[in-house]
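Novice: For reference, the file coords19.txt (compact mmCIF, C-alpha atoms) is included below:
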# COMPACT_ATOMS: atom_id res chain seq x y z
CA MET A 21 164.87 110.29 85.35
CA THR A 22 164.84 106.66 84.24
CA GLN A 23 161.65 104.67 84.03
CA ASP A 24 162.86 102.49 86.91
CA MET A 25 163.54 105.36 89.31
CA MET A 26 160.15 106.86 88.50
CA GLY A 27 158.54 103.49 89.26
CA VAL A 28 160.14 103.21 92.70
CA SER A 29 159.75 106.83 93.71
CA ILE A 30 156.05 107.04 92.86
CA TRP A 31 155.33 104.37 95.50
CA ILE A 32 157.38 106.32 98.05
CA ILE A 33 155.39 109.46 97.19
CA VAL A 34 152.06 107.61 97.44
CA GLY A 35 153.08 106.00 100.75
CA ALA A 36 154.22 109.30 102.25
CA SER A 37 151.02 111.06 101.11
CA VAL A 38 148.82 108.30 102.56
CA ALA A 39 150.67 108.51 105.90
CA ALA A 40 150.54 112.32 105.91
CA THR A 41 146.76 112.21 105.44
CA TYR A 42 146.20 109.39 107.93
CA PHE A 43 148.06 111.40 110.60
CA TRP A 44 144.99 113.66 111.09
CA ARG A 45 142.53 110.77 111.26
CA GLY A 46 144.64 108.79 113.75
CA LEU A 47 145.21 111.90 115.88
CA GLY A 48 141.47 112.65 115.92
CA MET A 49 140.63 109.08 116.92
CA ILE A 50 143.18 109.14 119.77
CA ILE A 51 142.07 112.53 121.14
CA ALA A 52 138.30 111.98 121.00
CA SER A 53 137.86 108.32 121.93
CA ARG A 54 136.96 109.04 125.55
CA LEU A 55 134.59 111.93 124.84
CA HIS A 56 130.81 111.82 125.11
CA PRO A 57 128.88 113.09 122.04
CA ASP A 58 126.87 115.54 124.18
CA SER A 59 129.95 117.05 125.83
CA LYS A 60 130.76 120.72 125.12
CA LEU A 61 134.08 119.80 123.53
CA SER A 62 132.64 117.34 121.03
CA ARG A 63 129.84 119.76 120.08
CA TRP A 64 132.52 122.39 119.43
CA PHE A 65 134.45 119.91 117.26
CA ALA A 66 131.29 119.34 115.20
CA CYS A 67 130.85 123.12 114.73
CA VAL A 68 134.46 123.51 113.54
CA ALA A 69 134.10 120.55 111.15
CA TYR A 70 130.85 121.92 109.69
CA ALA A 71 132.42 125.37 109.22
CA VAL A 72 135.51 123.93 107.49
CA LEU A 73 133.40 121.85 105.12
CA ALA A 74 130.96 124.68 104.34
CA GLY A 75 133.95 126.92 103.55
CA PHE A 76 135.42 124.17 101.40
CA ILE A 77 132.22 123.58 99.39
CA ALA A 78 131.59 127.33 99.01
CA ARG A 79 135.14 127.75 97.71
CA MET A 80 134.65 124.98 95.13
CA LEU A 81 131.41 126.56 93.92
CA ILE A 82 132.30 130.26 94.04
CA LEU A 83 136.03 130.66 93.34
CA PRO A 84 137.26 129.95 89.82
CA GLU A 85 139.68 127.09 90.54
CA GLY A 86 140.22 123.44 89.67
CA SER A 87 138.28 121.81 86.85
CA LEU A 88 135.30 124.13 87.29
CA ALA A 89 137.49 127.24 86.79
CA GLU A 90 136.23 127.71 83.23
CA VAL A 91 132.54 127.60 84.26
CA PRO A 92 131.03 131.09 84.86
CA LEU A 93 129.87 131.79 88.43
CA LEU A 94 126.17 132.05 87.50
CA ASP A 95 126.24 128.66 85.76
CA LYS A 96 127.17 127.11 89.09
CA LEU A 97 124.99 129.26 91.38
CA ILE A 98 121.74 128.86 89.41
CA PRO A 99 121.73 125.03 89.68
CA VAL A 100 122.59 125.24 93.40
CA ALA A 101 119.78 127.78 93.93
CA CYS A 102 117.34 125.45 92.12
CA GLY A 103 118.39 122.59 94.41
CA PHE A 104 117.97 124.74 97.53
CA GLY A 105 114.57 125.89 96.23
CA VAL A 106 113.38 122.29 95.94
CA ILE A 107 114.58 121.56 99.48
CA PHE A 108 113.37 124.69 101.27
CA LEU A 109 110.24 125.63 99.31
CA PHE A 110 108.95 122.20 98.33
CA LYS A 111 110.28 120.34 101.40
CA ARG A 112 112.00 117.64 99.35
CA THR A 113 115.01 115.53 100.42
CA SER A 114 118.65 116.40 99.76
CA GLU A 115 118.71 113.62 97.14
CA THR A 116 115.97 115.30 95.12
CA GLY A 117 117.74 118.64 95.51
CA THR A 118 120.98 117.13 94.20
CA VAL A 119 119.28 115.60 91.18
CA VAL A 120 117.56 118.92 90.35
CA ALA A 121 120.84 120.87 90.73
CA PHE A 122 122.73 118.32 88.63
CA LEU A 123 120.18 118.26 85.80
CA THR A 124 120.03 122.08 85.75
CA PHE A 125 123.81 122.17 85.45
CA VAL A 126 123.77 119.58 82.62
CA ALA A 127 121.12 121.60 80.77
CA ILE A 128 123.17 124.80 81.06
CA ALA A 129 126.39 122.96 80.09
CA LEU A 130 124.77 121.53 76.96
CA TRP A 131 123.17 124.86 76.08
CA ARG A 132 126.49 126.68 76.45
CA GLY A 133 128.33 123.83 74.72
CA TYR A 134 131.43 124.02 76.94
CA GLY A 135 134.59 123.09 75.13
CA VAL A 136 132.73 122.55 71.86
CA ALA A 137 132.86 126.09 70.53
CA MET B 7 123.86 86.58 106.95
CA THR B 8 120.58 87.88 108.33
CA GLU B 9 118.40 89.70 105.89
CA SER B 10 119.31 93.16 107.10
CA SER B 11 122.59 93.14 108.97
CA PRO B 12 123.77 96.71 109.63
CA PHE B 13 126.72 96.16 107.28
CA ARG B 14 124.40 95.18 104.47
CA ARG B 15 121.99 98.06 105.15
CA GLY B 16 124.89 100.51 105.08
CA PHE B 17 126.22 99.01 101.87
CA MET B 18 122.81 99.20 100.19
CA SER B 19 122.08 102.74 101.35
CA ALA B 20 125.28 103.99 99.68
CA CYS B 21 124.30 102.18 96.49
CA GLY B 22 122.85 105.23 94.76
CA LEU B 23 123.76 108.90 95.05
CA PRO B 24 126.62 108.49 97.58
CA ALA B 25 128.52 105.97 95.41
CA LEU B 26 127.70 108.01 92.30
CA VAL B 27 129.12 111.15 93.92
CA LEU B 28 132.38 109.33 94.71
CA PHE B 29 132.40 107.89 91.21
CA SER B 30 131.94 111.26 89.53
CA SER B 31 134.52 113.13 91.59
CA MET B 32 137.12 110.40 91.03
CA VAL B 33 136.65 110.53 87.25
CA GLY B 34 138.24 113.97 87.36
CA PHE B 35 141.04 112.70 89.58
CA GLY B 36 141.74 109.71 87.30
CA THR B 37 141.94 112.05 84.33
CA LEU B 38 144.38 114.37 86.09
CA ALA B 39 146.52 111.40 87.18
CA SER B 40 146.75 110.00 83.65
CA GLU B 41 147.72 113.47 82.39
CA ALA B 42 150.52 113.47 85.02
CA SER B 43 151.51 110.05 83.56
CA LEU B 44 150.81 108.07 86.73
CA ASP B 45 150.14 104.38 86.05
CA LEU B 46 146.68 102.97 86.80
CA LEU B 47 147.72 100.93 89.87
CA PRO B 48 149.35 103.78 91.89
CA THR B 49 146.37 105.96 90.90
CA ILE B 50 143.90 103.46 92.39
CA VAL B 51 146.05 102.99 95.52
CA THR B 52 146.12 106.79 95.92
CA THR B 53 142.30 106.98 95.78
CA ILE B 54 141.79 104.28 98.42
CA GLY B 55 144.86 105.17 100.51
CA ILE B 56 144.50 108.94 100.75
CA TRP B 57 140.68 108.67 100.51
CA GLY B 58 140.25 112.45 100.32
CA LEU B 59 140.04 114.25 96.98
CA PRO B 60 141.81 117.59 97.70
CA GLY B 61 144.95 115.81 98.96
CA GLN B 62 144.89 113.41 96.00
CA MET B 63 144.70 116.36 93.58
CA VAL B 64 147.60 118.13 95.30
CA MET B 65 149.72 114.97 95.18
CA VAL B 66 149.19 114.43 91.46
CA GLU B 67 149.77 118.10 90.61
CA MET B 68 153.05 118.11 92.52
CA VAL B 69 154.18 114.80 91.00
CA ALA B 70 153.70 116.47 87.61
CA PHE B 71 156.02 119.34 88.72
CA GLY B 72 158.59 116.80 90.00
CA ALA B 73 158.47 118.19 93.58
CA PRO B 74 160.48 116.40 96.32
CA VAL B 75 158.74 113.72 98.42
CA PHE B 76 158.81 115.69 101.66
CA ALA B 77 157.25 118.78 100.08
CA ILE B 78 154.52 116.64 98.50
CA ALA B 79 153.66 114.88 101.77
CA LEU B 80 153.50 118.20 103.62
CA ALA B 81 151.22 119.83 101.03
CA VAL B 82 148.96 116.76 100.92
CA SER B 83 148.71 116.83 104.70
CA VAL B 84 147.74 120.53 104.74
CA ALA B 85 145.15 119.92 102.00
CA ASN B 86 143.57 117.11 104.05
CA ALA B 87 143.83 118.69 107.52
CA ARG B 88 140.00 118.86 107.72
CA PHE B 89 140.11 115.15 108.65
CA LEU B 90 141.19 116.18 112.17
CA PRO B 91 138.02 118.11 113.13
CA MET B 92 135.91 115.60 111.16
CA THR B 93 137.32 112.62 113.09
CA LEU B 94 137.05 114.56 116.36
CA ALA B 95 133.37 115.23 115.63
CA ILE B 96 132.24 111.65 114.98
CA THR B 97 134.55 109.66 117.28
CA PRO B 98 132.60 110.52 120.46
CA TYR B 99 129.69 108.47 119.06
CA LEU B 100 131.99 105.44 119.42
CA THR B 101 132.84 105.96 123.09
CA ASN B 102 131.19 102.69 124.09
CA TRP B 103 132.69 100.73 121.20
CA ARG B 104 134.72 98.12 123.14
CA VAL B 105 137.40 97.06 120.68
CA SER B 106 141.18 97.12 120.48
CA TRP B 107 143.01 100.32 119.56
CA ILE B 108 144.18 98.68 116.36
CA ARG B 109 140.60 98.33 115.14
CA ARG B 110 139.80 101.90 116.20
CA LEU B 111 142.80 103.19 114.29
CA LEU B 112 141.92 101.11 111.23
CA PHE B 113 138.39 102.49 111.34
CA ALA B 114 139.78 106.06 111.32
CA GLN B 115 141.09 105.45 107.79
CA LEU B 116 137.45 105.41 106.58
CA VAL B 117 136.77 109.01 107.66
CA THR B 118 135.97 110.95 104.50
CA LEU B 119 133.26 113.46 103.56
CA THR B 120 130.42 111.31 102.17
CA PRO B 121 130.18 108.64 104.93
CA TRP B 122 131.05 111.26 107.56
CA ALA B 123 128.06 113.41 106.62
CA MET B 124 125.90 110.25 106.71
CA ALA B 125 127.24 109.38 110.19
CA LEU B 126 126.45 112.81 111.68
CA GLN B 127 122.88 112.51 110.37
CA ARG B 128 122.13 108.86 111.19
CA TRP B 129 124.42 107.74 114.01
CA PRO B 130 122.71 109.60 116.86
CA SER B 131 119.47 107.64 116.36
CA MET B 132 121.20 104.31 115.60
CA PRO B 133 121.95 101.60 118.21
CA GLN B 134 125.61 101.80 119.29
CA GLU B 135 126.46 98.31 118.02
CA ASP B 136 125.11 99.03 114.51
CA ARG B 137 127.07 102.24 113.92
CA VAL B 138 130.45 100.84 112.88
CA PRO B 139 129.24 97.96 110.65
CA TYR B 140 126.73 100.30 108.94
CA TYR B 141 129.49 102.85 108.35
CA VAL B 142 131.93 100.21 107.05
CA GLY B 143 129.31 98.82 104.65
CA PHE B 144 128.49 102.34 103.45
CA SER B 145 132.22 103.04 102.94
CA MET B 146 132.78 99.81 100.97
CA MET B 147 130.10 100.79 98.47
CA CYS B 148 131.63 104.27 98.24
CA MET B 149 135.03 102.67 97.52
CA VAL B 150 133.51 100.58 94.74
CA GLY B 151 132.15 103.77 93.13
CA ALA B 152 135.41 105.67 93.71
CA THR B 153 137.55 102.92 92.19
CA ALA B 154 135.28 102.61 89.15
CA GLY B 155 135.44 106.40 88.65
CA THR B 156 139.23 106.46 89.03
CA VAL B 157 139.67 103.70 86.43
CA LEU B 158 137.21 105.30 84.00
CA GLY B 159 138.81 108.74 84.30
CA HIS B 160 142.31 107.30 83.95
CA GLU B 161 141.57 105.12 80.91
CA LEU B 162 139.06 107.27 79.04
CA ALA B 163 140.42 110.74 79.83
CA ALA B 164 140.60 111.91 76.23
CA VAL B 165 137.32 110.37 75.05
CA LEU B 166 134.76 111.81 77.49
CA PRO B 167 132.91 114.89 76.15
CA ARG B 168 133.63 118.13 78.03
CA PRO B 169 130.05 118.98 79.19
CA LEU B 170 129.86 115.49 80.72
CA THR B 171 133.16 115.69 82.63
CA LEU B 172 132.28 119.18 83.92
CA SER B 173 128.87 117.94 85.06
CA LEU B 174 130.52 115.04 86.88
CA VAL B 175 132.90 117.45 88.64
CA PHE B 176 129.95 119.66 89.64
CA LEU B 177 127.93 116.77 91.14
CA SER B 178 130.07 116.45 94.26
CA PRO B 179 129.97 120.07 95.58
CA ALA B 180 126.26 120.25 94.65
CA PHE B 181 125.53 117.03 96.59
CA PHE B 182 127.26 118.31 99.73
CA ALA B 183 125.61 121.72 99.49
CA MET B 184 122.24 119.88 99.45
CA VAL B 185 123.20 117.50 102.27
CA PHE B 186 124.23 120.47 104.41
CA ALA B 187 121.04 122.34 103.48
CA SER B 188 119.17 119.50 105.20
CA VAL B 189 120.91 120.03 108.57
CA ARG B 190 118.32 121.30 111.06
CA GLN B 191 120.12 121.50 114.39
CA ARG B 192 120.83 125.17 115.25
CA ALA B 193 124.56 124.98 116.08
CA GLY B 194 125.17 123.10 112.82
CA VAL B 195 123.18 125.55 110.70
CA LEU B 196 125.02 128.54 112.23
CA SER B 197 128.41 126.88 111.61
CA LEU B 198 127.54 126.10 108.00
CA ILE B 199 126.36 129.64 107.22
CA ALA B 200 129.36 131.26 108.91
CA GLY B 201 131.80 128.84 107.26
CA ALA B 202 130.31 129.29 103.78
CA ALA B 203 130.47 133.09 104.15
CA MET B 204 134.06 133.11 105.45
CA GLY B 205 135.59 130.32 103.37
CA PRO B 206 136.03 131.95 99.93
CA PRO B 207 137.42 135.35 101.13
CA MET B 208 139.73 133.63 103.64
CA HIS B 209 141.02 131.34 100.91
CA MET B 210 141.87 134.39 98.78
CA VAL B 211 143.84 135.86 101.70
CA SER B 212 145.72 132.64 102.44
CA PRO B 213 145.30 129.51 100.29
CA ASP B 214 147.10 127.37 102.91
CA TRP B 215 145.60 128.61 106.18
CA GLY B 216 142.32 130.11 105.00
CA LEU B 217 140.32 126.93 105.48
CA PRO B 218 141.63 125.85 108.92
CA LEU B 219 141.19 129.43 110.18
CA THR B 220 137.66 129.54 108.74
CA GLY B 221 136.83 126.39 110.68
CA LEU B 222 138.26 127.67 113.94
CA ILE B 223 136.82 131.19 113.77
CA ALA B 224 133.42 130.50 112.14
CA GLY B 225 132.91 127.23 114.04
CA SER B 226 133.78 128.77 117.42
CA ALA B 227 131.62 131.83 116.74
CA ALA B 228 128.67 129.61 115.81
CA PHE B 229 129.24 127.46 118.89
CA GLY B 230 129.34 130.61 121.06
CA VAL B 231 126.17 132.09 119.58
CA ASP B 232 124.34 128.78 119.99
CA ALA B 233 125.46 128.51 123.63
CA TYR B 234 124.34 132.12 124.26
CA LEU B 235 120.89 131.49 122.73
CA LYS B 236 120.56 128.31 124.80
CA GLY B 237 121.45 130.28 127.92
CA ARG B 238 118.79 132.89 127.18
CA ALA B 239 116.14 130.28 126.48
CA ALA B 240 116.86 128.50 129.78
When written as structure tokens, how does the structure in this file appear?

Specialist:
Amino acid sequence: MTQDMMGVSIWIIVGASVAATYFWRGLGMIIASRLHPDSKLSRWFACVAYAVLAGFIARMLILPEGSLAEVPLLDKLIPVACGFGVIFLFKRTSETGTVVAFLTFVAIALWRGYGVA
Amino acid sequence: MTESSPFRRGFMSACGLPALVLFSSMVGFGTLASEASLDLLPTIVTTIGIWGLPGQMVMVEMVAFGAPVFAIALAVSVANARFLPMTLAITPYLTNWRVSWIRRLLFAQLVTLTPWAMALQRWPSMPQEDRVPYYVGFSMMCMVGATAGTVLGHELAAVLPRPLTLSLVFLSPAFFAMVFASVRQRAGVLSLIAGAAMGPPMHMVSPDWGLPLTGLIAGSAAFGVDAYLKGRAA
């Protein structure tokens, strides 16, 4: 493939991907614009969205895939458990929990020396 | 501008962890895009245009394989299908927003995880007329962080030390796990627990349909249990 063709086709790919993603947002806006937030239907939508996102986050943390694939399971679960501990036991905010989880992960990453050995 | 217009308050409240989370997750994306030899400009346009990391990742991976445009668009769409239930869940809070459809449809482009989670937490107690400007301000700050991360990842891919890049990748799922741990409303808590339990095994069964099915089954079950408990309490 010539440089020129690559240059043109990448914009077609980006445009098609943007449109393919926007489709869901536009559809959601059209369907739900007349709903009341306390209606049964919109509360069900919220439940489905929460479940999708929880499944998505759990997948990122538990399954060995993407950039975190090389990180052992425990090295991800211990920082998350520390963050939860700060939130549930010490009644701190989600921001504090995130900082604690992040710093725990950094400490473990440095201790293990990922990619260095 | 008044001292605390809702736009400005939203912008400032994202100026911290939310923008940092976008920044850190886009560093990884920028790196992947430069490895797939995408130029900087299409990489930035992808971040702002798709505005959803899983779809961006899928696009760049498939560009690297040289997949056809239609196949790429379809895979990106499947990877970002969660934007349907997410938009459905927050749009009802805008029922009384009296603007043209064009502005409504433009606003829909800003639905992505970080501001969405903020909206579900803060919109219910916010005056109707503040919701959209606050959200737009919040999103603008997130886009600043995301663009900075994309550029950094794209330009400095080879230089960043490994423990640092891994920590940056970890920040985003950790942040959302903590945000969701702060949800207190019963139907939400039930949905989160059921979804987290079902998500990984369902993904192993079907990488394409595992997540949408998790949402439908776990979300509906949680909704049903919550309705049943409400009925018993009444």

Novice: Select from chain A every residue with an atom at most 6 Å from any atom of chain B, then for each give the shortest pair of atoms and their distance in Å to one decimal, using only C-alpha atoms, rows by chain and rising number, as a Markdown table.

Specialist:
| residue | atom | partner | partner_atom | distance |
| --- | --- | --- | --- | --- |
| A:Ile33 | CA | B:Val75 | CA | 5.6 |
| A:Ala36 | CA | B:Ala79 | CA | 5.6 |
| A:Ser37 | CA | B:Ala79 | CA | 4.7 |
| A:Val38 | CA | B:Ile56 | CA | 4.7 |
| A:Ala40 | CA | B:Ser83 | CA | 5.0 |
| A:Thr41 | CA | B:Ser83 | CA | 5.1 |
| A:Trp44 | CA | B:Leu90 | CA | 4.7 |
| A:Arg45 | CA | B:Ala114 | CA | 5.5 |
| A:Gly46 | CA | B:Leu111 | CA | 5.9 |
| A:Gly48 | CA | B:Leu94 | CA | 4.8 |
| A:Ala52 | CA | B:Leu94 | CA | 5.5 |
| A:Ser53 | CA | B:Thr101 | CA | 5.7 |
| A:Arg54 | CA | B:Thr101 | CA | 5.7 |
| A:Leu55 | CA | B:Pro98 | CA | 5.0 |
| A:His56 | CA | B:Pro98 | CA | 5.1 |
| A:Pro57 | CA | B:Pro98 | CA | 4.8 |
| A:Ser62 | CA | B:Ala95 | CA | 5.8 |
| A:Phe65 | CA | B:Ala95 | CA | 5.1 |
| A:Ala66 | CA | B:Ala95 | CA | 4.6 |
| A:Cys67 | CA | B:Gly225 | CA | 4.6 |
| A:Val68 | CA | B:Gly225 | CA | 4.1 |
| A:Ala69 | CA | B:Pro91 | CA | 5.0 |
| A:Tyr70 | CA | B:Leu198 | CA | 5.6 |
| A:Ala71 | CA | B:Gly201 | CA | 4.0 |
| A:Val72 | CA | B:Gly221 | CA | 4.2 |
| A:Ala74 | CA | B:Ala202 | CA | 4.7 |
| A:Gly75 | CA | B:Gly205 | CA | 3.8 |
| A:Ile77 | CA | B:Pro179 | CA | 5.6 |
| A:Ala78 | CA | B:Ala202 | CA | 5.3 |
| A:Arg79 | CA | B:Pro206 | CA | 4.8 |
| A:Ser114 | CA | B:Met184 | CA | 5.0 |
| A:Thr118 | CA | B:Phe181 | CA | 5.1 |
| A:Phe122 | CA | B:Leu177 | CA | 6.0 |
| A:Val126 | CA | B:Ser173 | CA | 5.9 |
| A:Ala129 | CA | B:Pro169 | CA | 5.5 |
| A:Tyr134 | CA | B:Pro169 | CA | 5.7 |
| A:Gly135 | CA | B:Arg168 | CA | 5.8 |

Novice: What does the structure give for the distance between CA of Met147 in chain B and CA of Thr120 in chain B, in Å to one decimal?

Specialist: 11.2 Å

Novice: Interatomic distance between CA of Cys21 in chain B and CA of Met146 in chain B?

Specialist: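 Computing it gives 9.9 Å between the two atoms.
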
Novice: For Lys60 in chain A, which residue among B:Asp214, B:Ser31, B:Leu26, B:Asp232 is the nearest when counting only C-alpha atoms?

Specialist: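 Residue with the minimum atom-to-atom distance to Lys60 in chain A: B:Asp232.
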
Novice: Would you work out the distance separating CA of Leu73 in chain A from CA of Pro213 in chain B, expressed in Å to one decimal?

Specialist: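 Separation between CA of Leu73 in chain A and CA of Pro213 in chain B: 15.0 Å.
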
Novice: Show me, as a ChimeraX atom specification, the residues that have an atom within 7 Å of Pro121 in chain B when counting all atoms listed in the file, minus same-chain residues fewer than 4 positions from it.

Specialist: /B:125,141,144-145

Novice: Might you pull out every residue within 8 Å of Ser40 in chain B, with only C-alpha atoms counted and same-chain residues fewer than 6 positions away left off, and present them as an MDAnalysis selection string?

Specialist: chainID B and resid 46 160:161 163

Novice: Give me a file of those residues, with C-alpha atoms, as a tab-separated table (two decimals), keeping the file's coordinate frame.

Specialist:
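Produced file out.tsv, reproduced below:
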chain	number	residue	atom	x	y	z
B	46	LEU	CA	146.68	102.97	86.80
B	160	HIS	CA	142.31	107.30	83.95
B	161	GLU	CA	141.57	105.12	80.91
B	163	ALA	CA	140.42	110.74	79.83
